[in-house]
Amino acid sequence: MAAYISASRRTDIPRFFVDEFFTAWLKGEITYSGGYGRTFTVSLNPADVLGYIFWSKDFAPFIKHPLFEKLIAVNNAVFHFTINDCPDLEPRVAPLARRIETLTRLCDTVGAERVFWRFDPVCKYRGKDGRHQTNEGAFYTILPFVQKAAIKRCFFSFMTFYAKLAGRNVEFARFALKEKKDISGRMLSACSQAGMTLYNCCNHEAPGLAPGIRTAHCIDDDILRATDRFGVHRPLTVKPTRDGCGCFESRDIGSYHPACPHGCLYCYAHPDISG
């Protein structure tokens, strides 16, 4: 049965594995590592693909590739663009100004209705001065640029405390419930003024903290139906990938190996935190 292809929640394919993706796309199939010595092959033949959901912190290499415009001319595609600005936690992400430029170009090329801003995750951590701080402030710096690009959907989450974070070179702290409520309310108010809908991903309590925040389905049946340009969409079933996830079904073609070179310290996947 034809499926949507997710590329990828496991690693940043549009930033670091562009050539590998387009080589596989031309071939009509991709093989990826599933860990534990397993490999999986997924068809990318047009008859087997309803569309693509792309995820990245930096789409610049992807949209510069000579096959990019051909890809989007013949395939449905939506784009989750994660734009934070916290160098303490994101040591190898491109400068903000360059990512904003890429965001504008992406929206101009594919249409802003197919691009979603992820401010993800919201973190609290101990800074170099020994004091606790958050990355919330960057949200209000980035928002005007996203609004100018005509994006209407913003996704956010509060950081999940996975056991693997204990080995990272940073001390994270948990938000008190009142802090979450205050942050959620401020973000919702700012989004509403900007004409954007705010969605929360994987935090059960967040929509109740600030009425107006919607529960996220980052791979969303309604959105994919609305953005289908070729009449191929079929009803999807909900198929979560982790606790609190509301995503509908897709085939993810990413791998946790090799580690993601961005090296973001809050990452729940497999960041390269060496050096």
# chains A, B, ... in the order shown; residues from 1 in each chain; ligands from 1
$ closest_atom_pairs --of "region 197-256 of chain A" --to "region 140-162 of chain A" --cutoff "9 Å" --atoms "only C-alpha atoms" --output "CSV"
residue,atom,partner,partner_atom,distance
A:Thr197,CA,A:Arg153,CA,5.0
A:Leu198,CA,A:Cys154,CA,5.0
A:Tyr199,CA,A:Phe155,CA,4.7
A:Asn200,CA,A:Phe156,CA,5.1
A:Cys201,CA,A:Ser157,CA,5.1
A:Cys202,CA,A:Ser157,CA,6.6
A:Asn203,CA,A:Ser157,CA,6.5
A:Ala206,CA,A:Ser157,CA,8.5
A:Ala216,CA,A:Phe155,CA,7.2
A:Cys218,CA,A:Phe155,CA,7.9
$ write_last_selection --atoms "C-alpha atoms" --output "PDB file, in the first residue's frame"
ATOM      1  CA  THR A 197      -1.730  28.310  15.252  1.00  0.00           C
ATOM      2  CA  LEU A 198       0.381  26.857  18.065  1.00  0.00           C
ATOM      3  CA  TYR A 199       0.632  23.061  18.400  1.00  0.00           C
ATOM      4  CA  ASN A 200       2.233  21.113  21.233  1.00  0.00           C
ATOM      5  CA  CYS A 201       4.079  17.870  20.558  1.00  0.00           C
ATOM      6  CA  CYS A 202       4.312  15.066  23.144  1.00  0.00           C
ATOM      7  CA  ASN A 203       3.392  17.013  26.303  1.00  0.00           C
ATOM      8  CA  ALA A 206       0.377  21.540  27.586  1.00  0.00           C
ATOM      9  CA  ALA A 216       0.034  18.165  17.579  1.00  0.00           C
ATOM     10  CA  CYS A 218       3.163  16.393  13.296  1.00  0.00           C
TER      11      CYS A 218
END
$ closest_residue --among "A:Tyr268, A:Ser274, A:Pro61, A:Asp252" --to "Gly34 (chain A)" --atoms "only C-alpha atoms"
A:Asp252
$ select_by_dssp --residues "region 172-251 of chain A" --states "strand (DSSP E or B)" --output "ChimeraX atom specification"
/A:172,197-200,211,213-215,238,248,251
$ residues_around --residues "Val49 (chain A)" --least-positions-apart "5" --cutoff "7 Å" --atoms "only C-alpha atoms" --output "NGL selection string"
:A and (2-5 or 44)
$ select_by_dssp --residues "region 108-230 of chain A" --states "helix (DSSP H, G or I)" --output "PyMOL selection string"
chain A and resi 108-110+112-114+137-148+163-167+177-193+206-209+221-226
$ closest_residue --among "A:Cys267, A:Ile253, A:Val78, A:Val122" --to "Thr109 (chain A)" --atoms "only C-alpha atoms"
A:Val78
$ atom_distance --atom1 "CA of Cys123 (chain A)" --atom2 "CA of Phe62 (chain A)"
27.9 Å
$ residues_around --residues "region 269-272 of chain A" --least-positions-apart "5" --cutoff "7 Å" --atoms "only C-alpha atoms" --output "list of chain:residue names"
A:Arg10, A:Tyr256, A:Ala259, A:Cys260, A:Pro261, A:His262, A:Gly263, A:Cys264
$ residues_around --residues "Val232 (chain A)" --least-positions-apart "5" --cutoff "12 Å" --atoms "only C-alpha atoms" --output "PDB file with N, CA and C atoms, in the first residue's frame"
ATOM      1  N   MET A   1       0.845  -1.191   0.000  1.00  0.00           N
ATOM      2  CA  MET A   1       0.000   0.000   0.000  1.00  0.00           C
ATOM      3  C   MET A   1       0.884   1.246   0.000  1.00  0.00           C
ATOM      4  N   ALA A   2       0.538   2.227  -0.827  1.00  0.00           N
ATOM      5  CA  ALA A   2       1.319   3.461  -0.904  1.00  0.00           C
ATOM      6  C   ALA A   2       1.335   4.164   0.451  1.00  0.00           C
ATOM      7  N   ALA A   3       2.442   4.809   0.772  1.00  0.00           N
ATOM      8  CA  ALA A   3       2.625   5.425   2.088  1.00  0.00           C
ATOM      9  C   ALA A   3       3.311   6.770   1.954  1.00  0.00           C
ATOM     10  N   TYR A   4       3.183   7.562   3.014  1.00  0.00           N
ATOM     11  CA  TYR A   4       3.983   8.782   3.133  1.00  0.00           C
ATOM     12  C   TYR A   4       5.362   8.400   3.656  1.00  0.00           C
ATOM     13  N   PRO A  46       7.162   6.092  -7.550  1.00  0.00           N
ATOM     14  CA  PRO A  46       6.005   6.994  -7.437  1.00  0.00           C
ATOM     15  C   PRO A  46       4.707   6.302  -7.067  1.00  0.00           C
ATOM     16  N   ALA A  47       4.477   5.095  -7.572  1.00  0.00           N
ATOM     17  CA  ALA A  47       3.228   4.391  -7.273  1.00  0.00           C
ATOM     18  C   ALA A  47       3.125   3.986  -5.808  1.00  0.00           C
ATOM     19  N   ASP A  48       4.270   3.954  -5.108  1.00  0.00           N
ATOM     20  CA  ASP A  48       4.301   3.510  -3.711  1.00  0.00           C
ATOM     21  C   ASP A  48       4.391   4.666  -2.721  1.00  0.00           C
ATOM     22  N   VAL A  49       4.430   5.899  -3.225  1.00  0.00           N
ATOM     23  CA  VAL A  49       4.667   7.068  -2.370  1.00  0.00           C
ATOM     24  C   VAL A  49       3.505   8.053  -2.490  1.00  0.00           C
ATOM     25  N   LEU A  50       2.850   8.333  -1.367  1.00  0.00           N
ATOM     26  CA  LEU A  50       1.794   9.355  -1.335  1.00  0.00           C
ATOM     27  C   LEU A  50       2.397  10.750  -1.262  1.00  0.00           C
ATOM     28  N   GLY A  51       3.566  10.858  -0.657  1.00  0.00           N
ATOM     29  CA  GLY A  51       4.236  12.140  -0.491  1.00  0.00           C
ATOM     30  C   GLY A  51       5.343  12.011   0.537  1.00  0.00           C
ATOM     31  N   VAL A  74       6.857  16.653  -8.808  1.00  0.00           N
ATOM     32  CA  VAL A  74       6.159  15.387  -9.073  1.00  0.00           C
ATOM     33  C   VAL A  74       5.737  14.658  -7.803  1.00  0.00           C
ATOM     34  N   ASN A  75       5.982  15.267  -6.633  1.00  0.00           N
ATOM     35  CA  ASN A  75       5.619  14.633  -5.364  1.00  0.00           C
ATOM     36  C   ASN A  75       4.964  15.628  -4.421  1.00  0.00           C
ATOM     37  N   ASN A  76       3.981  15.151  -3.659  1.00  0.00           N
ATOM     38  CA  ASN A  76       3.541  15.912  -2.496  1.00  0.00           C
ATOM     39  C   ASN A  76       4.698  16.003  -1.508  1.00  0.00           C
ATOM     40  N   LEU A 224      -2.129  16.710   5.410  1.00  0.00           N
ATOM     41  CA  LEU A 224      -1.663  16.012   4.213  1.00  0.00           C
ATOM     42  C   LEU A 224      -2.765  15.921   3.162  1.00  0.00           C
ATOM     43  N   ARG A 225      -3.991  15.772   3.602  1.00  0.00           N
ATOM     44  CA  ARG A 225      -5.109  15.774   2.652  1.00  0.00           C
ATOM     45  C   ARG A 225      -5.236  17.157   2.000  1.00  0.00           C
ATOM     46  N   ALA A 226      -5.108  18.209   2.805  1.00  0.00           N
ATOM     47  CA  ALA A 226      -5.280  19.564   2.284  1.00  0.00           C
ATOM     48  C   ALA A 226      -4.163  19.982   1.334  1.00  0.00           C
ATOM     49  N   THR A 227      -2.970  19.411   1.516  1.00  0.00           N
ATOM     50  CA  THR A 227      -1.831  19.795   0.680  1.00  0.00           C
ATOM     51  C   THR A 227      -1.568  18.800  -0.447  1.00  0.00           C
TER      52      THR A 227
END
$ atom_distance --atom1 "CA of Phe68 (chain A)" --atom2 "CA of Ala112 (chain A)"
16.5 Å
$ closest_residue --among "A:Tyr266, A:Ala194, A:Phe81, A:Pro207" --to "Pro121 (chain A)" --atoms "only C-alpha atoms"
A:Tyr266
$ atom_distance --atom1 "CA of Arg174 (chain A)" --atom2 "CA of Arg9 (chain A)"
23.7 Å
$ residues_around --residues "Phe22 (chain A)" --least-positions-apart "3" --cutoff "9 Å" --atoms "only C-alpha atoms" --output "list in words"
Phe17, Val18, Asp19, Trp25, Leu26, Lys27, His65, Leu67, Phe68 and Leu71 of chain A
$ residues_around --residues "Gly130 (chain A)" --least-positions-apart "4" --cutoff "12 Å" --atoms "only C-alpha atoms" --output "PyMOL selection string"
chain A and resi 125-126+170-172
$ closest_residue --among "A:Asn169, A:Ser255, A:Thr241, A:Thr41" --to "Ala7 (chain A)" --atoms "only C-alpha atoms"
A:Ser255
